[in-house]
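This is work_39.cif (mmCIF, C-alpha atoms).
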```
data_query
#
loop_
_atom_site.label_atom_id
_atom_site.label_comp_id
_atom_site.auth_asym_id
_atom_site.auth_seq_id
_atom_site.Cartn_x
_atom_site.Cartn_y
_atom_site.Cartn_z
CA MET J 1 0.00 0.00 0.00
CA SER J 2 2.69 2.41 1.02
CA SER J 3 5.90 3.56 -0.55
CA ILE J 4 7.39 4.98 2.63
CA PRO J 5 10.42 2.86 3.48
CA PHE J 6 11.17 1.90 7.08
CA TYR J 7 14.85 1.00 7.07
CA PRO J 8 16.35 -1.87 9.09
CA ARG J 9 18.23 -0.67 12.19
CA ARG J 10 21.86 -1.47 11.46
CA SER J 11 23.90 0.72 13.84
CA VAL J 12 23.63 3.36 16.54
CA ASP J 13 25.29 5.86 14.21
CA GLN J 14 22.74 5.20 11.46
CA VAL J 15 19.81 5.49 13.87
CA GLU J 16 21.03 8.61 15.72
CA GLU J 17 22.98 10.56 13.14
CA GLY J 18 21.49 9.39 9.86
CA CYS J 19 18.63 10.45 7.62
CA GLU J 20 17.00 7.04 7.24
CA LEU J 21 13.64 6.53 8.92
CA ALA J 22 14.16 3.38 11.02
CA PRO J 23 11.48 3.46 13.72
CA LYS J 24 11.58 1.02 16.61
CA PHE J 25 8.20 -0.31 17.65
CA GLY J 26 7.75 -1.85 21.10
CA ALA J 27 6.94 -5.47 21.88
CA ASP J 28 3.29 -4.50 21.35
CA GLY J 29 4.09 -3.13 17.88
CA LEU J 30 3.50 0.45 18.99
CA VAL J 31 5.51 3.65 19.30
CA PRO J 32 4.42 6.59 21.50
CA CYS J 33 3.50 9.86 19.81
CA VAL J 34 3.46 13.27 21.51
CA THR J 35 1.07 15.67 19.81
CA THR J 36 1.33 19.43 20.39
CA ASP J 37 -0.74 22.35 19.13
CA VAL J 38 1.33 24.31 16.61
CA THR J 39 -0.12 27.62 17.82
CA SER J 40 -0.40 27.28 21.61
CA HIS J 41 2.52 24.80 21.89
CA GLU J 42 0.42 22.91 24.41
CA VAL J 43 0.84 19.15 24.66
CA LEU J 44 -2.57 17.90 23.52
CA MET J 45 -2.19 14.16 23.92
CA LEU J 46 0.10 11.16 24.10
CA GLY J 47 -1.05 8.62 21.54
CA TRP J 48 0.26 5.38 20.14
CA MET J 49 1.00 4.37 16.56
CA ASN J 50 1.59 1.05 14.90
CA ALA J 51 3.49 0.91 11.59
CA GLU J 52 0.32 1.48 9.59
CA ALA J 53 -0.76 4.48 11.69
CA LEU J 54 2.67 6.07 11.28
CA ARG J 55 2.65 5.49 7.52
CA LEU J 56 -0.91 6.85 7.15
CA THR J 57 0.01 9.91 9.20
CA LEU J 58 3.06 10.65 7.07
CA GLU J 59 1.29 9.99 3.76
CA THR J 60 -1.97 11.82 4.43
CA GLY J 61 -0.65 14.61 6.65
CA GLU J 62 -3.45 13.81 9.12
CA ALA J 63 -2.75 12.22 12.50
CA HIS J 64 -3.62 8.54 12.74
CA TYR J 65 -3.19 6.53 15.91
CA PHE J 66 -3.74 2.97 17.00
CA SER J 67 -6.41 2.80 19.67
CA ARG J 68 -5.22 0.48 22.40
CA SER J 69 -8.66 0.29 24.01
CA ARG J 70 -10.49 -0.49 20.76
CA GLN J 71 -7.49 -2.28 19.20
CA GLU J 72 -8.03 -0.58 15.87
CA MET J 73 -6.74 2.11 13.54
CA TRP J 74 -7.97 5.54 14.53
CA ARG J 75 -8.00 8.57 12.26
CA LYS J 76 -8.27 11.32 14.86
CA GLY J 77 -11.35 13.46 14.29
CA THR J 78 -13.43 11.05 12.21
CA THR J 79 -16.17 11.13 14.87
CA SER J 80 -15.55 14.52 16.49
CA GLY J 81 -14.57 16.45 13.37
CA LEU J 82 -11.44 17.57 15.22
CA VAL J 83 -8.99 16.34 12.59
CA GLN J 84 -5.32 16.98 13.35
CA LYS J 85 -3.48 18.39 10.35
CA VAL J 86 0.22 17.65 10.67
CA VAL J 87 2.35 20.79 10.31
CA GLU J 88 5.53 18.98 11.26
CA ALA J 89 6.47 15.44 12.26
CA ARG J 90 9.64 14.63 14.16
CA ILE J 91 11.38 11.52 15.43
CA ASP J 92 13.70 11.21 18.41
CA ASP J 93 17.35 10.18 18.72
CA ASP J 94 16.85 6.41 18.97
CA GLN J 95 13.75 6.58 16.75
CA ASP J 96 11.30 5.09 19.22
CA ALA J 97 9.10 8.16 19.75
CA ILE J 98 7.25 10.55 17.44
CA TRP J 99 6.37 14.24 17.91
CA LEU J 100 3.59 15.77 15.82
CA ARG J 101 2.92 19.51 15.69
CA VAL J 102 -0.69 19.82 14.54
CA ASP J 103 -3.27 22.38 13.53
CA ILE J 104 -6.82 21.44 14.46
CA GLY J 105 -9.03 24.46 13.90
CA GLY J 106 -12.47 24.92 15.45
CA THR J 107 -12.35 24.38 19.19
CA ALA J 108 -8.78 23.07 18.79
CA ALA J 109 -9.65 20.35 21.27
CA SER J 110 -8.20 16.84 21.35
CA CYS J 111 -9.44 15.22 24.54
CA HIS J 112 -12.35 12.75 24.60
CA VAL J 113 -13.38 14.16 28.00
CA GLY J 114 -14.12 17.47 26.26
CA TYR J 115 -11.09 19.47 27.28
CA ARG J 116 -8.66 21.09 24.84
CA SER J 117 -5.67 19.08 26.06
CA CYS J 118 -5.76 15.63 27.63
CA PHE J 119 -3.34 17.10 30.19
CA TYR J 120 -5.95 19.36 31.84
CA ARG J 121 -4.80 18.66 35.41
CA ALA J 122 -1.59 19.68 37.18
CA ILE J 123 0.11 17.53 39.80
CA PRO J 124 1.42 19.60 42.73
CA THR J 125 5.17 19.25 43.30
CA ALA J 126 7.89 20.00 45.85
CA GLU J 127 6.37 21.52 49.01
CA HIS J 128 2.89 20.90 47.59
CA ALA J 129 3.57 17.27 46.62
CA GLY J 130 0.70 15.04 47.70
CA ASP J 131 -1.93 17.79 47.38
CA PRO J 132 -4.97 17.12 45.15
CA LEU J 133 -4.70 17.53 41.37
CA ILE J 134 -5.49 21.02 40.07
CA PHE J 135 -7.74 21.59 37.06
CA MET J 136 -5.97 23.90 34.57
CA GLU J 137 -8.98 23.96 32.23
CA ASN J 138 -12.27 24.77 33.90
CA VAL J 139 -14.56 24.83 30.89
CA LYS J 140 -14.90 22.01 28.41
CA ALA J 141 -14.21 22.90 24.79
CA PHE J 142 -17.01 20.65 23.58
CA ASP J 143 -19.73 18.39 24.96
CA PRO J 144 -18.43 14.81 24.81
CA VAL J 145 -21.93 13.31 25.14
CA ALA J 146 -23.22 15.30 22.18
CA THR J 147 -20.10 14.41 20.19
CA TYR J 148 -19.58 10.75 21.00
CA GLY J 149 -23.07 9.70 22.09
CA ASP J 150 -23.01 6.36 23.84
CA ALA J 151 -19.74 5.15 22.32
CA PRO J 152 -17.66 3.23 24.90
CA ASN J 153 -15.33 5.41 26.95
CA PRO J 154 -11.74 4.59 25.96
CA THR J 155 -10.39 5.02 29.49
CA GLN J 156 -9.49 1.67 31.02
CA LEU J 157 -9.11 1.15 34.76
CA MET W 1 9.88 6.66 51.96
CA SER W 2 7.24 8.82 50.40
CA SER W 3 4.06 10.39 51.60
CA ILE W 4 2.60 10.98 48.14
CA PRO W 5 -0.48 8.79 47.84
CA PHE W 6 -1.28 6.96 44.61
CA TYR W 7 -4.98 6.19 44.84
CA PRO W 8 -6.56 2.95 43.61
CA ARG W 9 -8.42 3.35 40.30
CA ARG W 10 -12.07 2.88 41.18
CA SER W 11 -14.05 4.45 38.32
CA VAL W 12 -13.71 6.30 35.03
CA ASP W 13 -15.28 9.36 36.64
CA GLN W 14 -12.74 9.35 39.47
CA VAL W 15 -9.82 8.94 37.08
CA GLU W 16 -10.96 11.50 34.49
CA GLU W 17 -12.86 14.11 36.47
CA GLY W 18 -11.38 13.79 39.94
CA CYS W 19 -8.48 15.29 41.85
CA GLU W 20 -6.95 12.05 43.10
CA LEU W 21 -3.62 11.04 41.63
CA ALA W 22 -4.23 7.47 40.41
CA PRO W 23 -1.56 6.78 37.79
CA LYS W 24 -1.74 3.68 35.62
CA PHE W 25 1.61 2.04 34.97
CA GLY W 26 1.99 -0.36 32.03
CA ALA W 27 2.70 -4.06 32.21
CA ASP W 28 6.39 -3.10 32.49
CA GLY W 29 5.64 -0.86 35.49
CA LEU W 30 6.33 2.30 33.50
CA VAL W 31 4.41 5.37 32.37
CA PRO W 32 5.57 7.61 29.49
CA CYS W 33 6.58 11.18 30.30
CA VAL W 34 6.70 14.03 27.78
CA THR W 35 9.17 16.73 28.80
CA THR W 36 9.01 20.21 27.29
CA ASP W 37 11.16 23.31 27.75
CA VAL W 38 9.17 25.90 29.69
CA THR W 39 10.71 28.75 27.67
CA SER W 40 10.95 27.44 24.10
CA HIS W 41 7.95 25.07 24.47
CA GLU W 42 10.00 22.52 22.52
CA VAL W 43 9.48 18.83 23.24
CA LEU W 44 12.85 17.82 24.66
CA MET W 45 12.36 14.12 25.25
CA LEU W 46 10.00 11.24 25.82
CA GLY W 47 11.09 9.41 28.96
CA TRP W 48 9.70 6.67 31.14
CA MET W 49 8.93 6.64 34.86
CA ASN W 50 8.25 3.86 37.32
CA ALA W 51 6.37 4.65 40.53
CA GLU W 52 9.56 5.62 42.35
CA ALA W 53 10.72 7.95 39.55
CA LEU W 54 7.33 9.68 39.52
CA ARG W 55 7.34 10.09 43.30
CA LEU W 56 10.93 11.40 43.32
CA THR W 57 10.10 13.86 40.55
CA LEU W 58 7.07 15.20 42.41
CA GLU W 59 8.84 15.36 45.78
CA THR W 60 12.15 16.87 44.68
CA GLY W 61 10.91 19.04 41.80
CA GLU W 62 13.67 17.55 39.62
CA ALA W 63 12.92 15.17 36.78
CA HIS W 64 13.70 11.52 37.49
CA TYR W 65 13.19 8.79 34.94
CA PHE W 66 13.63 5.04 34.80
CA SER W 67 16.30 4.13 32.28
CA ARG W 68 15.03 1.22 30.23
CA SER W 69 18.48 0.54 28.74
CA ARG W 70 20.28 0.57 32.10
CA GLN W 71 17.23 -0.69 34.04
CA GLU W 72 17.83 1.80 36.84
CA MET W 73 16.60 5.02 38.38
CA TRP W 74 17.95 8.05 36.56
CA ARG W 75 18.07 11.56 37.96
CA LYS W 76 18.40 13.54 34.75
CA GLY W 77 21.55 15.67 34.76
CA THR W 78 23.57 13.82 37.39
CA THR W 79 26.30 13.13 34.83
CA SER W 80 25.79 16.00 32.39
CA GLY W 81 24.85 18.71 34.89
CA LEU W 82 21.76 19.40 32.80
CA VAL W 83 19.27 18.94 35.65
CA GLN W 84 15.62 19.48 34.73
CA LYS W 85 13.83 21.66 37.28
CA VAL W 86 10.10 20.98 37.14
CA VAL W 87 8.06 24.15 36.68
CA GLU W 88 4.82 22.24 36.20
CA ALA W 89 3.78 18.58 36.15
CA ARG W 90 0.58 17.41 34.50
CA ILE W 91 -1.25 14.13 34.06
CA ASP W 92 -3.58 13.13 31.26
CA ASP W 93 -7.25 12.15 31.21
CA ASP W 94 -6.85 8.44 31.93
CA GLN W 95 -3.76 9.07 34.05
CA ASP W 96 -1.36 6.94 32.05
CA ALA W 97 0.93 9.71 30.76
CA ILE W 98 2.85 12.57 32.39
CA TRP W 99 3.83 15.98 31.00
CA LEU W 100 6.66 17.92 32.63
CA ARG W 101 7.44 21.55 31.81
CA VAL W 102 11.06 22.04 32.84
CA ASP W 103 13.72 24.70 33.18
CA ILE W 104 17.24 23.44 32.53
CA GLY W 105 19.54 26.44 32.31
CA GLY W 106 22.98 26.41 30.71
CA THR W 107 22.85 24.94 27.23
CA ALA W 108 19.25 23.86 27.95
CA ALA W 109 20.02 20.58 26.24
CA SER W 110 18.47 17.21 27.05
CA CYS W 111 19.66 14.79 24.39
CA HIS W 112 22.50 12.31 24.97
CA VAL W 113 23.56 12.76 21.33
CA GLY W 114 24.39 16.39 22.16
CA TYR W 115 21.42 18.15 20.66
CA ARG W 116 19.02 20.40 22.58
CA SER W 117 15.99 18.22 21.92
CA CYS W 118 15.97 14.49 21.27
CA PHE W 119 13.59 15.33 18.42
CA TYR W 120 16.23 16.99 16.26
CA ARG W 121 15.06 15.45 12.99
CA ALA W 122 11.87 16.07 11.00
CA ILE W 123 10.11 13.37 9.01
CA PRO W 124 8.84 14.65 5.65
CA THR W 125 5.08 14.27 5.17
CA ALA W 126 2.37 14.42 2.51
CA GLU W 127 3.92 15.04 -0.94
CA HIS W 128 7.38 14.71 0.60
CA ALA W 129 6.62 11.46 2.47
CA GLY W 130 9.43 8.95 2.01
CA ASP W 131 12.12 11.61 1.63
CA PRO W 132 15.15 11.46 3.97
CA LEU W 133 14.90 12.84 7.51
CA ILE W 134 15.80 16.52 7.86
CA PHE W 135 18.07 17.78 10.64
CA MET W 136 16.39 20.70 12.45
CA GLU W 137 19.40 21.27 14.71
CA ASN W 138 22.71 21.53 12.89
CA VAL W 139 25.01 22.30 15.79
CA LYS W 140 25.30 20.19 18.92
CA ALA W 141 24.65 22.01 22.19
CA PHE W 142 27.39 20.06 23.95
CA ASP W 143 30.04 17.45 23.19
CA PRO W 144 28.64 14.07 24.26
CA VAL W 145 32.09 12.44 24.33
CA ALA W 146 33.47 15.08 26.68
CA THR W 147 30.32 14.82 28.82
CA TYR W 148 29.71 11.09 28.98
CA GLY W 149 33.19 9.70 28.21
CA ASP W 150 33.02 6.01 27.36
CA ALA W 151 29.71 5.34 29.13
CA PRO W 152 27.58 2.88 27.13
CA ASN W 153 25.29 4.54 24.59
CA PRO W 154 21.67 4.09 25.75
CA THR W 155 20.33 3.63 22.21
CA GLN W 156 19.32 0.04 21.58
CA LEU W 157 18.90 -1.41 18.11
#
```
Mind converting the file's structure to structure tokens?
Amino acid sequence: MSSIPFYPRRSVDQVEEGCELAPKFGADGLVPCVTTDVTSHEVLMLGWMNAEALRLTLETGEAHYFSRSRQEMWRKGTTSGLVQKVVEARIDDDQDAIWLRVDIGGTAASCHVGYRSCFYRAIPTAEHAGDPLIFMENVKAFDPVATYGDAPNPTQL
Amino acid sequence: MSSIPFYPRRSVDQVEEGCELAPKFGADGLVPCVTTDVTSHEVLMLGWMNAEALRLTLETGEAHYFSRSRQEMWRKGTTSGLVQKVVEARIDDDQDAIWLRVDIGGTAASCHVGYRSCFYRAIPTAEHAGDPLIFMENVKAFDPVATYGDAPNPTQL
């Protein structure tokens, strides 16, 4: 289907200092992907990609993930309309993590709970360590019930 | 050792909409952590934390990770001097990912290869998909050989 080559990993020098895309997927076949908003710089979500999701993302310029809860390919925004257009994709030194800078438009939200960022709560640190989490977003960007209806919640306990 | 409580995960509502810290570690006992520079907003690295690394990070206000290659606790900057001071810690909706906003000082670098960010290469997308990776940093922020000597390279093939 795809013409994007994933090169075999031959040496540390090739992987770290080269220009060949040689991603390393975990034992579960997935690589973590950090997605940030190109305008606000906020970290929106931490998703997971299998080889197909990574290839589809690179080819289409729209973020695709692999849903671990549903165990299926997931083109972000198909249900919510909040498609993530990839402005820039990056890979890290040992090529086992992806960073996407995306433009969403509309409410610019990415979180299934309705918030803009999935990281809507701060964890107190240092002298405040152990205190309750603090909500950094107090108003939801969209109504998750209206958007997702009775679809199963992806959060797993 | 620590007084920071990690609560049991009782319900989706508690985990997503509550103020109790109830992190979910993977089968390997680890949770991914995105670390960004508080000034440049750049994603510096994607690290991993076990329960102890998360607690130490929250208590000390300095980023601690669990090194998967060395299989040991890792206070970032102990060797390089590039300690990451935590300005803000966040947790995501289902509490299985951490985001740290850090202040490093000095060269503000985080990557063992010598670059500022571990994500120093872009992956071409859309009509350029399949093209070679593009270096976004062309000058190393520090000399990794001078800094780490002959310590084993953490990159695994």
- Decode the PyMOL selection byres ((chain W and resi 32) around 6) for the given file into explicit residues and return them as a PyMOL selection string. chain W and resi 31+33+47-48+97
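Using all atoms listed in the file, the smallest distance between any of W:Trp99, W:Phe6, W:Trp74, W:Phe119 and chain J comes from W:Phe119.
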- Quick one, how far is atom CA of W:Val113 from atom CA of J:Leu44? 26.7 Å
- Task: Define the interface residues of chain W facing chain J as those within 7 Å, counting only C-alpha atoms, and report them as an NGL selection string.
- Result: :W and (3-5 or 9 or 11-12 or 19-21 or 41 or 46 or 58-61 or 88-94 or 97 or 118-123 or 125-126 or 129-130 or 132-134 or 155 or 157)
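For the atom pair formed by atom CA of J:Thr147 and atom CA of J:Gly106, the distance is 13.8 Å, given to one decimal.
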- Message: Given the point (18.3, 22.1, 29.2) in the file's coordinates, find the residues that have an atom at most 9 Å from it, counting all atoms listed in the file, and give them as a VMD selection string.
- Response: chain W and resid 37 44 82 to 84 102 to 111 116 to 117
- Any idea what the distance is between atom CA of W:Ala151 and atom CA of W:Asp28? 25.0 Å
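The closest residue to J:Thr39, picked from J:Arg101, J:Glu72, J:Tyr65, J:Gly26 and counting all atoms listed in the file, is J:Arg101.
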